[in-house]
Structure formats: C-alpha cells, structure tokens
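Heads up, entry_21.pdb below (PDB, C-alpha atoms and all ligand atoms):
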```
ATOM      1  CA  MET A   1     -30.126  19.597  13.787  1.00  0.00           C
ATOM      2  CA  ILE A   2     -28.197  16.320  13.981  1.00  0.00           C
ATOM      3  CA  LYS A   3     -27.505  14.399  10.794  1.00  0.00           C
ATOM      4  CA  THR A   4     -26.383  10.808  10.853  1.00  0.00           C
ATOM      5  CA  ASN A   5     -24.071   9.891   8.003  1.00  0.00           C
ATOM      6  CA  ASN A   6     -22.738   6.569   6.861  1.00  0.00           C
ATOM      7  CA  ILE A   7     -19.565   5.719   4.962  1.00  0.00           C
ATOM      8  CA  SER A   8     -19.067   2.264   3.511  1.00  0.00           C
ATOM      9  CA  PHE A   9     -17.084   0.682   0.722  1.00  0.00           C
ATOM     10  CA  THR A  10     -16.985  -2.605  -1.083  1.00  0.00           C
ATOM     11  CA  PHE A  11     -13.916  -4.720  -1.699  1.00  0.00           C
ATOM     12  CA  LYS A  12     -13.226  -8.069  -3.292  1.00  0.00           C
ATOM     13  CA  GLU A  13     -11.782 -11.107  -1.603  1.00  0.00           C
ATOM     14  CA  PHE A  14     -10.095 -14.033  -3.321  1.00  0.00           C
ATOM     15  CA  ASP A  15      -9.122 -17.394  -1.838  1.00  0.00           C
ATOM     16  CA  THR A  16      -5.767 -17.664  -3.542  1.00  0.00           C
ATOM     17  CA  VAL A  17      -3.383 -15.555  -5.573  1.00  0.00           C
ATOM     18  CA  GLU A  18      -4.015 -17.848  -8.564  1.00  0.00           C
ATOM     19  CA  GLU A  19      -7.468 -16.260  -8.899  1.00  0.00           C
ATOM     20  CA  LEU A  20      -5.927 -12.872  -9.698  1.00  0.00           C
ATOM     21  CA  GLU A  21      -5.141 -11.771 -13.226  1.00  0.00           C
ATOM     22  CA  SER A  22      -1.554 -12.407 -14.256  1.00  0.00           C
ATOM     23  CA  SER A  23      -0.299  -8.824 -13.858  1.00  0.00           C
ATOM     24  CA  ASP A  24      -1.665  -8.712 -10.309  1.00  0.00           C
ATOM     25  CA  ARG A  25      -0.112 -12.092  -9.529  1.00  0.00           C
ATOM     26  CA  GLU A  26       3.202 -10.716 -10.723  1.00  0.00           C
ATOM     27  CA  LEU A  27       2.794  -7.685  -8.462  1.00  0.00           C
ATOM     28  CA  VAL A  28       2.013  -9.829  -5.421  1.00  0.00           C
ATOM     29  CA  LYS A  29       5.088 -11.933  -6.173  1.00  0.00           C
ATOM     30  CA  SER A  30       7.194  -8.768  -6.321  1.00  0.00           C
ATOM     31  CA  ALA A  31       5.791  -7.617  -2.972  1.00  0.00           C
ATOM     32  CA  SER A  32       6.583 -10.992  -1.390  1.00  0.00           C
ATOM     33  CA  GLU A  33      10.112 -10.891  -2.763  1.00  0.00           C
ATOM     34  CA  ALA A  34      10.567  -7.319  -1.523  1.00  0.00           C
ATOM     35  CA  ALA A  35       9.584  -8.468   1.967  1.00  0.00           C
ATOM     36  CA  LEU A  36      12.719 -10.604   1.996  1.00  0.00           C
ATOM     37  CA  ASN A  37      14.746  -7.376   1.772  1.00  0.00           C
ATOM     38  CA  ALA A  38      13.137  -5.864   4.849  1.00  0.00           C
ATOM     39  CA  TYR A  39      15.298  -4.731   7.733  1.00  0.00           C
ATOM     40  CA  ALA A  40      13.185  -5.754  10.702  1.00  0.00           C
ATOM     41  CA  PRO A  41      15.526  -6.778  13.542  1.00  0.00           C
ATOM     42  CA  TYR A  42      13.133  -5.484  16.224  1.00  0.00           C
ATOM     43  CA  SER A  43       9.759  -6.833  15.142  1.00  0.00           C
ATOM     44  CA  GLY A  44      10.811  -9.728  12.936  1.00  0.00           C
ATOM     45  CA  PHE A  45       7.824  -8.687  10.840  1.00  0.00           C
ATOM     46  CA  ARG A  46       8.943  -8.188   7.282  1.00  0.00           C
ATOM     47  CA  VAL A  47       6.692  -6.386   4.840  1.00  0.00           C
ATOM     48  CA  GLY A  48       7.099  -5.841   1.120  1.00  0.00           C
ATOM     49  CA  ALA A  49       5.203  -3.524  -1.177  1.00  0.00           C
ATOM     50  CA  ALA A  50       5.183  -3.384  -4.953  1.00  0.00           C
ATOM     51  CA  VAL A  51       3.745  -0.528  -6.985  1.00  0.00           C
ATOM     52  CA  ARG A  52       2.807  -0.862 -10.632  1.00  0.00           C
ATOM     53  CA  LEU A  53       3.209   2.459 -12.381  1.00  0.00           C
ATOM     54  CA  ALA A  54       1.222   3.651 -15.382  1.00  0.00           C
ATOM     55  CA  SER A  55       4.035   2.616 -17.732  1.00  0.00           C
ATOM     56  CA  GLY A  56       3.778  -0.933 -16.374  1.00  0.00           C
ATOM     57  CA  ILE A  57       7.045  -0.984 -14.476  1.00  0.00           C
ATOM     58  CA  ILE A  58       7.102  -2.249 -10.899  1.00  0.00           C
ATOM     59  CA  VAL A  59       8.814  -0.420  -8.059  1.00  0.00           C
ATOM     60  CA  THR A  60       9.247  -2.134  -4.708  1.00  0.00           C
ATOM     61  CA  GLY A  61       9.914  -1.215  -1.112  1.00  0.00           C
ATOM     62  CA  SER A  62      10.269  -2.983   2.196  1.00  0.00           C
ATOM     63  CA  ASN A  63      10.074  -1.897   5.799  1.00  0.00           C
ATOM     64  CA  VAL A  64      13.270  -0.505   7.282  1.00  0.00           C
ATOM     65  CA  GLU A  65      13.214  -0.387  11.069  1.00  0.00           C
ATOM     66  CA  ASN A  66      15.361   1.738  13.339  1.00  0.00           C
ATOM     67  CA  ALA A  67      16.458   1.535  16.984  1.00  0.00           C
ATOM     68  CA  ALA A  68      14.693   4.888  17.294  1.00  0.00           C
ATOM     69  CA  PHE A  69      11.378   3.295  16.366  1.00  0.00           C
ATOM     70  CA  PRO A  70       9.590   6.298  14.780  1.00  0.00           C
ATOM     71  CA  SER A  71      12.524   6.709  12.390  1.00  0.00           C
ATOM     72  CA  GLY A  72      11.662   3.442  10.666  1.00  0.00           C
ATOM     73  CA  ILE A  73       9.616   3.434   7.478  1.00  0.00           C
ATOM     74  CA  CYS A  74       6.931   1.100   6.187  1.00  0.00           C
ATOM     75  CA  ALA A  75       7.172  -0.864   2.958  1.00  0.00           C
ATOM     76  CA  GLU A  76       4.264   0.990   1.346  1.00  0.00           C
ATOM     77  CA  ARG A  77       5.720   4.458   1.896  1.00  0.00           C
ATOM     78  CA  ASN A  78       9.162   3.210   0.934  1.00  0.00           C
ATOM     79  CA  ALA A  79       7.828   1.929  -2.396  1.00  0.00           C
ATOM     80  CA  LEU A  80       5.737   5.025  -3.141  1.00  0.00           C
ATOM     81  CA  SER A  81       8.636   7.343  -2.247  1.00  0.00           C
ATOM     82  CA  ASN A  82      10.948   5.297  -4.430  1.00  0.00           C
ATOM     83  CA  ALA A  83       8.484   5.637  -7.321  1.00  0.00           C
ATOM     84  CA  SER A  84       8.087   9.377  -6.794  1.00  0.00           C
ATOM     85  CA  ALA A  85      11.825   9.994  -6.606  1.00  0.00           C
ATOM     86  CA  ASN A  86      12.961   7.743  -9.428  1.00  0.00           C
ATOM     87  CA  HIS A  87       9.997   7.755 -11.814  1.00  0.00           C
ATOM     88  CA  PRO A  88       8.528  11.258 -11.670  1.00  0.00           C
ATOM     89  CA  GLY A  89       5.262  11.612 -13.555  1.00  0.00           C
ATOM     90  CA  ASN A  90       4.806   7.851 -13.802  1.00  0.00           C
ATOM     91  CA  ILE A  91       1.549   7.451 -11.902  1.00  0.00           C
ATOM     92  CA  PRO A  92       1.105   4.680  -9.289  1.00  0.00           C
ATOM     93  CA  MET A  93      -1.841   2.521 -10.359  1.00  0.00           C
ATOM     94  CA  VAL A  94      -1.725  -0.625  -8.211  1.00  0.00           C
ATOM     95  CA  LEU A  95      -0.075  -1.319  -4.866  1.00  0.00           C
ATOM     96  CA  ALA A  96       0.412  -4.851  -3.541  1.00  0.00           C
ATOM     97  CA  VAL A  97       1.402  -5.594   0.052  1.00  0.00           C
ATOM     98  CA  ALA A  98       2.743  -8.863   1.468  1.00  0.00           C
ATOM     99  CA  ALA A  99       4.146  -9.729   4.880  1.00  0.00           C
ATOM    100  CA  ILE A 100       6.314 -12.579   6.054  1.00  0.00           C
ATOM    101  CA  THR A 101       7.176 -13.857   9.495  1.00  0.00           C
ATOM    102  CA  GLU A 102       9.517 -16.626  10.534  1.00  0.00           C
ATOM    103  CA  ALA A 103       6.677 -19.024   9.642  1.00  0.00           C
ATOM    104  CA  GLY A 104       6.482 -17.751   6.071  1.00  0.00           C
ATOM    105  CA  ASN A 105       3.804 -15.629   4.407  1.00  0.00           C
ATOM    106  CA  SER A 106       1.312 -14.111   6.825  1.00  0.00           C
ATOM    107  CA  TYR A 107      -1.951 -16.014   7.210  1.00  0.00           C
ATOM    108  CA  GLU A 108      -4.045 -12.863   7.087  1.00  0.00           C
ATOM    109  CA  PRO A 109      -3.684  -9.776   4.872  1.00  0.00           C
ATOM    110  CA  VAL A 110      -1.669  -6.930   6.325  1.00  0.00           C
ATOM    111  CA  SER A 111      -3.321  -3.589   5.808  1.00  0.00           C
ATOM    112  CA  PRO A 112      -1.469  -0.279   5.423  1.00  0.00           C
ATOM    113  CA  CYS A 113      -1.046   1.671   8.663  1.00  0.00           C
ATOM    114  CA  GLY A 114      -2.593   5.101   9.099  1.00  0.00           C
ATOM    115  CA  ASN A 115       0.539   6.935   7.955  1.00  0.00           C
ATOM    116  CA  CYS A 116       0.674   4.879   4.777  1.00  0.00           C
ATOM    117  CA  ARG A 117      -3.044   5.367   4.125  1.00  0.00           C
ATOM    118  CA  GLN A 118      -2.482   9.095   4.282  1.00  0.00           C
ATOM    119  CA  VAL A 119       0.403   8.843   1.803  1.00  0.00           C
ATOM    120  CA  ILE A 120      -1.615   6.620  -0.547  1.00  0.00           C
ATOM    121  CA  ALA A 121      -4.472   9.138  -0.406  1.00  0.00           C
ATOM    122  CA  GLU A 122      -2.097  11.986  -1.229  1.00  0.00           C
ATOM    123  CA  GLU A 123      -0.743  10.096  -4.255  1.00  0.00           C
ATOM    124  CA  GLU A 124      -4.296   9.596  -5.513  1.00  0.00           C
ATOM    125  CA  ILE A 125      -5.064  13.291  -5.142  1.00  0.00           C
ATOM    126  CA  ARG A 126      -1.728  14.190  -6.728  1.00  0.00           C
ATOM    127  CA  SER A 127      -2.370  12.119  -9.845  1.00  0.00           C
ATOM    128  CA  GLY A 128      -6.162  12.252  -9.959  1.00  0.00           C
ATOM    129  CA  LYS A 129      -6.163   8.445 -10.337  1.00  0.00           C
ATOM    130  CA  SER A 130      -7.211   5.740  -7.919  1.00  0.00           C
ATOM    131  CA  ILE A 131      -4.632   3.298  -6.642  1.00  0.00           C
ATOM    132  CA  ARG A 132      -5.930  -0.269  -6.455  1.00  0.00           C
ATOM    133  CA  ILE A 133      -4.703  -1.997  -3.297  1.00  0.00           C
ATOM    134  CA  ILE A 134      -3.965  -5.736  -3.172  1.00  0.00           C
ATOM    135  CA  LEU A 135      -3.436  -7.210   0.297  1.00  0.00           C
ATOM    136  CA  SER A 136      -2.114 -10.730   0.003  1.00  0.00           C
ATOM    137  CA  SER A 137      -1.779 -13.566   2.490  1.00  0.00           C
ATOM    138  CA  LYS A 138      -1.949 -17.349   2.699  1.00  0.00           C
ATOM    139  CA  ASN A 139      -5.640 -17.412   3.617  1.00  0.00           C
ATOM    140  CA  LYS A 140      -7.072 -14.725   1.364  1.00  0.00           C
ATOM    141  CA  ILE A 141      -6.368 -11.837  -0.964  1.00  0.00           C
ATOM    142  CA  GLN A 142      -8.245  -8.583  -0.518  1.00  0.00           C
ATOM    143  CA  VAL A 143      -8.545  -6.076  -3.353  1.00  0.00           C
ATOM    144  CA  ILE A 144      -9.640  -2.512  -2.641  1.00  0.00           C
ATOM    145  CA  GLU A 145     -10.313  -0.517  -5.789  1.00  0.00           C
ATOM    146  CA  GLN A 146      -9.449   2.859  -4.329  1.00  0.00           C
ATOM    147  CA  GLY A 147      -6.841   3.461  -1.631  1.00  0.00           C
ATOM    148  CA  GLY A 148      -8.716   6.495  -0.335  1.00  0.00           C
ATOM    149  CA  ASP A 149     -11.528   4.170   0.745  1.00  0.00           C
ATOM    150  CA  LEU A 150      -9.200   3.029   3.519  1.00  0.00           C
ATOM    151  CA  LEU A 151      -9.110   6.551   4.931  1.00  0.00           C
ATOM    152  CA  PRO A 152     -12.587   8.060   5.170  1.00  0.00           C
ATOM    153  CA  LEU A 153     -12.826  11.750   6.040  1.00  0.00           C
ATOM    154  CA  GLN A 154      -9.143  12.040   5.245  1.00  0.00           C
ATOM    155  CA  PHE A 155      -7.073  15.127   5.843  1.00  0.00           C
ATOM    156  CA  SER A 156      -6.207  16.650   2.502  1.00  0.00           C
ATOM    157  CA  ARG A 157      -5.048  19.810   0.798  1.00  0.00           C
ATOM    158  CA  ASN A 158      -8.639  21.042   1.041  1.00  0.00           C
ATOM    159  CA  ASN A 159      -8.108  21.359   4.782  1.00  0.00           C
ATOM    160  CA  LEU A 160      -5.154  23.686   4.375  1.00  0.00           C
ATOM    161  CA  PRO A 161      -5.793  27.423   4.528  1.00  0.00           C
ATOM    162  CA  VAL A 162      -3.923  28.190   1.325  1.00  0.00           C
ATOM    163  CA  THR A 163      -4.010  26.396  -1.988  1.00  0.00           C
ATOM    164  CA  PRO A 164      -0.718  24.578  -2.569  1.00  0.00           C
ATOM    165  CA  CYS A 165       1.116  25.185  -5.804  1.00  0.00           C
TER
HETATM  166 ZN    ZN B 201       2.660   2.079   7.154  1.00  0.00          ZN
END
```
Take the structure in this file and express it as structure tokens.
Ligand SMILES: [Zn+2]
Amino acid sequence: MIKTNNISFTFKEFDTVEELESSDRELVKSASEAALNAYAPYSGFRVGAAVRLASGIIVTGSNVENAAFPSGICAERNALSNASANHPGNIPMVLAVAAITEAGNSYEPVSPCGNCRQVIAEEEIRSGKSIRIILSSKNKIQVIEQGGDLLPLQFSRNNLPVTPC
C-alpha cells in the first residue's frame, strides 16, 4: 500500500531588521560584523553567523575558505563549533546568519547549506532545545522557529545501529 505524506513548516518574514525584538537585532548585527572577518578570497562571498547561548552571551563565526575547497568551513558551523568548544553546556538558542558581497549586505537571505543544517539539527538533538534561525538581508528577514525544520527526514542518532553514549 502506498502512503502519501506531506511535510511543511511555517516561518515568519519581516521587512526590516528594525521589526525584530532588540535582542534579535543585536544578534543580526553581530552576524553582520562577523561576516567582515570572513576569509573568502575565492568566492568573495562573506558570511557571518552569531549564536546566542542560553546564558545570553553571543558567539560568532565566519566562513573560512581554503584553496582545497572542501577544507573550508561555513560561518554557521564555525560559530556552533566555537560555542561547543569554548562554552560547553551553554545551549545554543538562536542563530543569526548574514552575508555580504562587494555591494554590501546581501539582498536576499542566505540559508544554511546542507552540512550546516545537519550540524544545527544535531545541536538541537544534543540539547533537546530548538534553535531559532534568523536569516537576514536587505530585502527581508526570515525567522524559522526550529532549525530542524530546514532538514526534514534528517539523518540522526536514531539511524545508527548502536545508541551513542
Ligand atoms: Zn554551511
């Protein structure tokens, strides 16, 4: 018997960053500033990410490219790894992403790549808390309440044959 399933999710969209609450505005600003620290000599596409942890502190990351392209890392994973390494137990709650080009802030939101979505999903499973995602740009701001929504039918520890410790 064939079953047809459907997966959908709802997200909010704002016209400008001024419509966000002040703590989210601050996070977007941190992400934009982090983008300035990107090392992107090959793409010229600089991305910044800022994570607000449960304690309220903000940890940032930016993309770091490499001549061996797969060795580069995205801003989102850089920020989440930074948080994990330097603030153990301090749960990521909100992640803002901003991108800049030579023309300034991107006109459209930049969404996490598949690798980063997988890492965001793992952090949510690890902590048992959703990570709210804020994708900022000149034209609009998108807010996704749960990072895992960006990765339906995700691979997770449930797919592994043994239970991890
Ligand atoms: Zn990525």
(message) Any residue with an atom at most 9 Å from ligand ZN 201 (chain B) counts, using all atoms listed in the file. Which are they? Put them as a VMD selection string.
(response) chain A and resid 63 73 to 77 111 to 117 119
Could you write out the selected residues, including C-alpha atoms, as a PDB file, keeping the file's coordinate frame?
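Heads up, here's the output in part-v4.pdb:
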```pdb
ATOM      1  CA  ASN A  63      10.074  -1.897   5.799  1.00  0.00           C
ATOM      2  CA  ILE A  73       9.616   3.434   7.478  1.00  0.00           C
ATOM      3  CA  CYS A  74       6.931   1.100   6.187  1.00  0.00           C
ATOM      4  CA  ALA A  75       7.172  -0.864   2.958  1.00  0.00           C
ATOM      5  CA  GLU A  76       4.264   0.990   1.346  1.00  0.00           C
ATOM      6  CA  ARG A  77       5.720   4.458   1.896  1.00  0.00           C
ATOM      7  CA  SER A 111      -3.321  -3.589   5.808  1.00  0.00           C
ATOM      8  CA  PRO A 112      -1.469  -0.279   5.423  1.00  0.00           C
ATOM      9  CA  CYS A 113      -1.046   1.671   8.663  1.00  0.00           C
ATOM     10  CA  GLY A 114      -2.593   5.101   9.099  1.00  0.00           C
ATOM     11  CA  ASN A 115       0.539   6.935   7.955  1.00  0.00           C
ATOM     12  CA  CYS A 116       0.674   4.879   4.777  1.00  0.00           C
ATOM     13  CA  ARG A 117      -3.044   5.367   4.125  1.00  0.00           C
ATOM     14  CA  VAL A 119       0.403   8.843   1.803  1.00  0.00           C
TER      15      VAL A 119
END
```
(message) Here's the selection I'm unsure about, the PyMOL selection byres (((chain A and resi 15-32) around 10) and not hetatm); applied to the file above, which residues does it give, as a PyMOL selection string?
(response) chain A and resi 13-14+33-37+46-52+56-62+75-76+79+94-100+105+134-143
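Computed from the coordinates, the atom CA of Lys129 of chain A to atom CA of Ile91 of chain A distance equals 7.9 Å.
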(request) Run the PyMOL selection byres (((chain A and resi 43) around 12) and not hetatm) against the file shown and list the residues it catches, as a list in words. (result) Ala38, Tyr39, Ala40, Pro41, Tyr42, Gly44, Phe45, Arg46, Val47, Asn63, Val64, Glu65, Asn66, Ala67, Phe69, Gly72, Ile100, Thr101 and Glu102 of chain A
(request) Give me the residues within 10 Å of Ser127 of chain A as a PyMOL selection string, counting only C-alpha atoms and dropping any in the same chain fewer than 2 places off. (result) chain A and resi 89-93+122-125+129-131
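Rounded to one decimal, atom CA of Leu150 of chain A and atom CA of Gly104 of chain A lie 26.2 Å from each other.
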(request) In Å, rounded to a single decimal, give me how far atom CA of Leu53 of chain A is from atom CA of Asn78 of chain A. (result)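 Result for atom CA of Asn78 of chain A versus atom CA of Leu53 of chain A: 14.6 Å, one decimal.
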(request) Take the PyMOL selection byres (((chain A and resi 149) around 9) and not hetatm), apply it to the structure above, and return the hits as number ranges by chain. (result) A: 8-10, 121, 144-148, 150-152
(request) Kindly indicate which residue among A:Ile133, A:Ala83, A:Met1, A:Pro109 lies nearest to Ala54 of chain A, using all atoms listed in the file for the distances. (result)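 Residue with the minimum atom-to-atom distance to Ala54 of chain A: A:Ala83.
In terms of minimum interatomic distance to Gln154 of chain A, A:Gln118 ranks closest within A:Val110, A:Lys12, A:Gln118, A:Ser71, counting all atoms listed in the file.
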Size and centre in Å, one decimal, axis-aligned box, all listed segment 26-41 of chain A atoms plus 5 Å per side, as AutoDock Vina command-line options:
```
--center_x 8.8 --center_y -8.3 --center_z 1.4 --size_x 23.5 --size_y 17.2 --size_z 34.3
```
